[in-house]
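Note: the block below is start.txt and it holds compact mmCIF, C-alpha atoms (C1' of nucleotides).
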```txt
# COMPACT_ATOMS: atom_id res chain seq x y z
CA MET A 1 15.36 -38.51 25.41
CA ILE A 2 12.73 -36.67 23.47
CA LEU A 3 14.78 -33.58 22.92
CA ASN A 4 17.27 -33.34 20.12
CA THR A 5 20.08 -30.84 19.92
CA SER A 6 18.36 -28.64 17.38
CA SER A 7 15.39 -28.10 19.61
CA LEU A 8 17.68 -27.19 22.46
CA ASN A 9 18.63 -24.04 20.68
CA CYS A 10 15.27 -22.43 20.98
CA ILE A 11 13.69 -24.35 23.79
CA ALA A 12 14.68 -22.31 26.78
CA PHE A 13 12.13 -19.65 26.05
CA PRO A 14 8.55 -20.18 27.18
CA ASP A 15 5.64 -18.38 25.52
CA TRP A 16 4.70 -16.52 28.66
CA ALA A 17 7.52 -14.11 28.04
CA TYR A 18 5.76 -12.83 24.96
CA LYS A 19 2.92 -11.42 26.91
CA PRO A 20 3.43 -7.67 27.15
CA GLU A 21 2.26 -7.54 30.73
CA SER A 22 0.06 -9.29 33.15
CA SER A 23 -0.38 -8.18 36.68
CA PRO A 24 -1.28 -4.59 37.38
CA GLY A 25 2.10 -3.02 37.75
CA SER A 26 4.10 -3.20 34.58
CA ARG A 27 3.67 -0.35 32.17
CA GLN A 28 6.79 0.19 30.11
CA ILE A 29 9.00 -2.50 28.67
CA GLN A 30 11.05 -4.10 31.36
CA LEU A 31 14.70 -4.91 31.03
CA TRP A 32 14.39 -8.59 31.84
CA HIS A 33 11.69 -8.80 29.25
CA PHE A 34 13.89 -7.17 26.68
CA ILE A 35 16.71 -9.56 27.53
CA LEU A 36 14.38 -12.46 26.97
CA GLU A 37 13.38 -10.95 23.68
CA LEU A 38 16.97 -10.82 22.44
CA LEU A 39 17.63 -14.30 23.77
CA GLN A 40 14.75 -15.60 21.74
CA LYS A 41 16.12 -14.43 18.39
CA GLU A 42 18.91 -16.27 16.65
CA GLU A 43 20.19 -13.14 14.99
CA TYR A 44 21.48 -11.94 18.34
CA GLN A 45 23.31 -15.10 19.33
CA SER A 46 26.63 -13.42 18.76
CA VAL A 47 25.56 -10.69 21.15
CA ILE A 48 23.73 -12.58 23.86
CA SER A 49 22.75 -16.22 24.19
CA TRP A 50 21.84 -19.04 26.52
CA GLN A 51 24.82 -20.86 27.86
CA GLY A 52 25.52 -23.36 30.57
CA GLU A 53 22.71 -24.37 32.90
CA TYR A 54 19.09 -23.80 32.17
CA GLY A 55 18.26 -20.15 32.57
CA GLU A 56 21.85 -19.07 32.34
CA PHE A 57 22.86 -16.62 29.68
CA VAL A 58 26.00 -14.82 28.62
CA ILE A 59 26.30 -11.32 27.30
CA LYS A 60 28.94 -11.78 24.65
CA ASP A 61 28.88 -8.20 23.51
CA PRO A 62 27.98 -5.91 26.41
CA ASP A 63 28.33 -2.74 24.38
CA GLU A 64 25.96 -3.99 21.75
CA VAL A 65 23.33 -5.11 24.24
CA ALA A 66 23.53 -1.74 25.94
CA LYS A 67 23.18 -0.02 22.60
CA LEU A 68 20.09 -2.03 21.71
CA TRP A 69 18.57 -1.40 25.11
CA GLY A 70 19.31 2.29 24.77
CA LEU A 71 17.65 2.30 21.38
CA ARG A 72 14.53 0.69 22.77
CA LYS A 73 14.27 3.05 25.70
CA CYS A 74 15.45 6.10 23.78
CA LYS A 75 18.44 6.43 26.05
CA PRO A 76 21.32 7.19 23.69
CA HIS A 77 23.83 7.24 26.52
CA MET A 78 23.08 3.78 27.79
CA ASN A 79 26.08 1.58 28.45
CA TYR A 80 26.82 -1.75 30.06
CA ASP A 81 27.74 -0.15 33.36
CA LYS A 82 24.29 1.35 33.72
CA LEU A 83 22.47 -1.60 32.21
CA SER A 84 24.17 -3.95 34.61
CA ARG A 85 23.11 -1.75 37.53
CA ALA A 86 19.53 -2.29 36.45
CA LEU A 87 20.19 -6.02 36.30
CA ARG A 88 21.60 -5.90 39.82
CA TYR A 89 18.35 -4.49 41.08
CA TYR A 90 16.82 -7.78 39.98
CA TYR A 91 18.87 -9.74 42.48
CA ASN A 92 16.66 -8.81 45.41
CA LYS A 93 13.58 -9.30 43.35
CA ARG A 94 14.89 -12.74 42.55
CA ILE A 95 14.21 -12.38 38.88
CA LEU A 96 17.88 -12.82 38.18
CA HIS A 97 21.06 -13.63 39.95
CA LYS A 98 24.70 -13.55 39.04
CA THR A 99 26.62 -16.59 38.02
CA LYS A 100 29.69 -15.80 40.02
CA GLY A 101 33.05 -16.23 38.43
CA LYS A 102 31.65 -16.22 34.93
CA ARG A 103 32.08 -12.96 33.11
CA PHE A 104 28.90 -11.26 31.85
CA THR A 105 26.91 -14.27 32.93
CA TYR A 106 23.57 -14.13 34.70
CA LYS A 107 20.84 -16.62 35.38
CA PHE A 108 17.10 -16.30 35.24
CA ASN A 109 14.95 -17.50 38.07
CA PHE A 110 12.23 -18.84 35.85
CA SER A 111 10.25 -20.24 38.70
CA LYS A 112 10.08 -16.83 40.32
CA VAL A 113 9.37 -14.98 37.12
CA VAL A 114 6.53 -17.31 36.29
CA LEU A 115 5.02 -17.17 39.74
CA VAL A 116 5.12 -13.43 39.96
CA ASN A 117 4.03 -12.52 36.48
CA TYR A 118 2.02 -15.43 35.21
CA PRO A 119 0.38 -17.13 38.17
CA LEU A 120 -2.33 -18.71 36.08
CA LEU A 121 -0.06 -20.04 33.39
CA ASP A 122 -0.75 -23.46 32.07
CA MET A 123 2.58 -25.02 32.86
CA ALA A 124 1.91 -28.11 30.84
CA SER A 125 2.02 -26.13 27.62
CA SER A 126 5.27 -24.45 28.41
CA PRO A 127 8.64 -25.78 27.30
CA PHE A 128 9.84 -24.60 30.66
CA LEU A 129 8.52 -27.75 32.26
CA LEU A 130 9.96 -29.92 29.56
CA GLN A 131 13.38 -28.49 30.09
CA ASN A 132 13.05 -28.85 33.80
CA HIS A 133 12.30 -32.48 33.33
CA PHE A 134 15.27 -32.75 31.01
CA ASN A 135 17.55 -31.46 33.74
CA GLY A 136 16.39 -33.98 36.22
CA GLY A 137 13.14 -32.36 37.23
CA SER A 138 14.16 -31.06 40.60
CA ALA A 139 11.51 -28.79 42.01
CA ALA A 140 13.42 -25.54 42.29
CA PRO A 141 16.89 -25.89 40.86
CA ASP A 142 17.51 -22.22 40.36
CA CYS A 143 16.37 -20.46 43.48
CA SER A 144 18.46 -17.59 44.66
CA PRO A 145 19.41 -17.64 48.29
CA VAL A 146 16.77 -15.94 50.40
CA THR A 147 18.67 -13.35 52.30
CA PRO A 148 17.12 -10.95 54.83
CA GLU A 149 17.37 -8.31 52.11
CA VAL A 150 15.21 -10.41 49.86
CA ARG A 151 12.61 -11.01 52.53
CA LYS A 152 12.45 -7.29 53.15
CA GLU A 153 11.82 -6.72 49.46
CA GLU A 154 9.23 -9.46 49.46
CA ARG A 155 7.28 -7.95 52.33
CA ARG A 156 7.34 -4.51 50.82
CA LYS A 157 5.54 -5.73 47.73
C1' DG B 1 34.09 -6.63 36.37
C1' DT B 2 30.99 -6.50 40.00
C1' DC B 3 28.58 -4.56 43.87
C1' DG B 4 25.13 -1.64 45.95
C1' DG B 5 24.01 3.26 48.02
C1' DA B 6 22.09 7.58 46.76
C1' DA B 7 19.41 10.58 44.15
C1' DA B 8 16.92 11.96 40.14
C1' DG B 9 13.94 10.84 36.06
C1' DA B 10 9.78 9.03 33.59
C1' DT C 1 7.93 1.41 40.62
C1' DC C 2 11.65 0.54 37.49
C1' DT C 3 15.11 2.22 35.89
C1' DT C 4 18.99 5.89 34.71
C1' DT C 5 22.91 8.21 36.27
C1' DC C 6 26.96 8.63 39.06
C1' DC C 7 30.34 6.65 41.72
C1' DG C 8 33.34 4.85 45.61
C1' DA C 9 34.80 0.29 47.15
C1' DC C 10 36.59 -4.24 46.41
```
If you convert what's in this file into structure tokens, what do you get?
Amino acid sequence: MILNTSSLNCIAFPDWAYKPESSPGSRQIQLWHFILELLQKEEYQSVISWQGEYGEFVIKDPDEVAKLWGLRKCKPHMNYDKLSRALRYYYNKRILHKTKGKRFTYKFNFSKVVLVNYPLLDMASSPFLLQNHFNGGSAAPDCSPVTPEVRKEERRK
DNA sequence: GTCGGAAAGA
DNA sequence: TCTTTCCGAC
């Protein structure tokens, strides 16, 4: 295939995540955005990194991630317990879901994130598509189950 | 560890 | 609206 192993290290991070905000709604830095930011930098690979399937990441050092997040938000008492609660609120929004059975492991719903935040994105220029193709190119490989809860959330927005 | 309700904060 | 804080339940 076209992709070599070295490119795999940094590929799972499309440019759209750089954009500070898009749709009218986001003001402050968002947690999922911050996570993506850490994921994008090699210097944090011992703290948090992509692992497993596309979109899946592992928090190797929960305390450190919480500390960094607390620093960014000026919340000196941040910890993983509270950070993870914020992540759990993403489940219904279908930005993230839990990879069950794997400790500290979550998975991004890139399709959802893109659709919601960057509807006019030129997909062709994003490595996201490339990777998707690499995995077999199924249309929506990482959709969270659509529970009634989710639908409720969807309607509310 | 993980989940999700409840309430308060920015 | 998106967390932050607290916490009982599993």
Would you kindly report the residues of chain C within 9 Å of chain A, using all atoms listed in the file, as JSON, numbers by chain?
{"C": [1, 2, 3, 4, 5]}
Interface, chain B side, toward chain A (12 Å; all atoms listed in the file) as a count of residues only
7
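Considering the residues A:Ile95, A:Ile48, A:Leu38, A:Val146 and counting only C-alpha atoms, A:Arg72 has its shortest atom-to-atom contact with A:Leu38.
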Separation of atom C1' of C:DC6 and atom CA of A:Trp32, in Å?
22.5 Å
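Our summary of the geometry notes that atom CA of A:Lys41 is positioned 27.6 Å from atom CA of A:Asn92.
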Quick one: residues within 10 Å of A:Pro76, only C-alpha atoms (C1' of nucleotides), excluding same-chain residues fewer than 6 positions away - as a compact mmCIF listing (two decimals) with C-alpha atoms, keeping the file's coordinate frame?
```txt
# COMPACT_ATOMS: atom_id res chain seq x y z
CA ALA A 66 23.53 -1.74 25.94
CA LYS A 67 23.18 -0.02 22.60
CA LEU A 68 20.09 -2.03 21.71
CA TRP A 69 18.57 -1.40 25.11
CA GLY A 70 19.31 2.29 24.77
```
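Put simply, atom CA of A:Pro62 is 5.7 Å away from atom CA of A:Tyr80.
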With 4 Å added on each side, what axis-aligned box encloses every listed atom of chain C? Give the centre and edge lengths in Å to one decimal, as JSON.
```
{"center_x": 22.3, "center_y": 2.2, "center_z": 40.9, "size_x": 36.7, "size_y": 20.9, "size_z": 20.4}
```
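Within 6 Å of the file-frame point (16.4, -17.6, 35.2), and using all atoms listed in the file, the polymer residues found are A:Gly55, A:Leu96, A:Lys107, A:Phe108, A:Asn109, A:Phe110.
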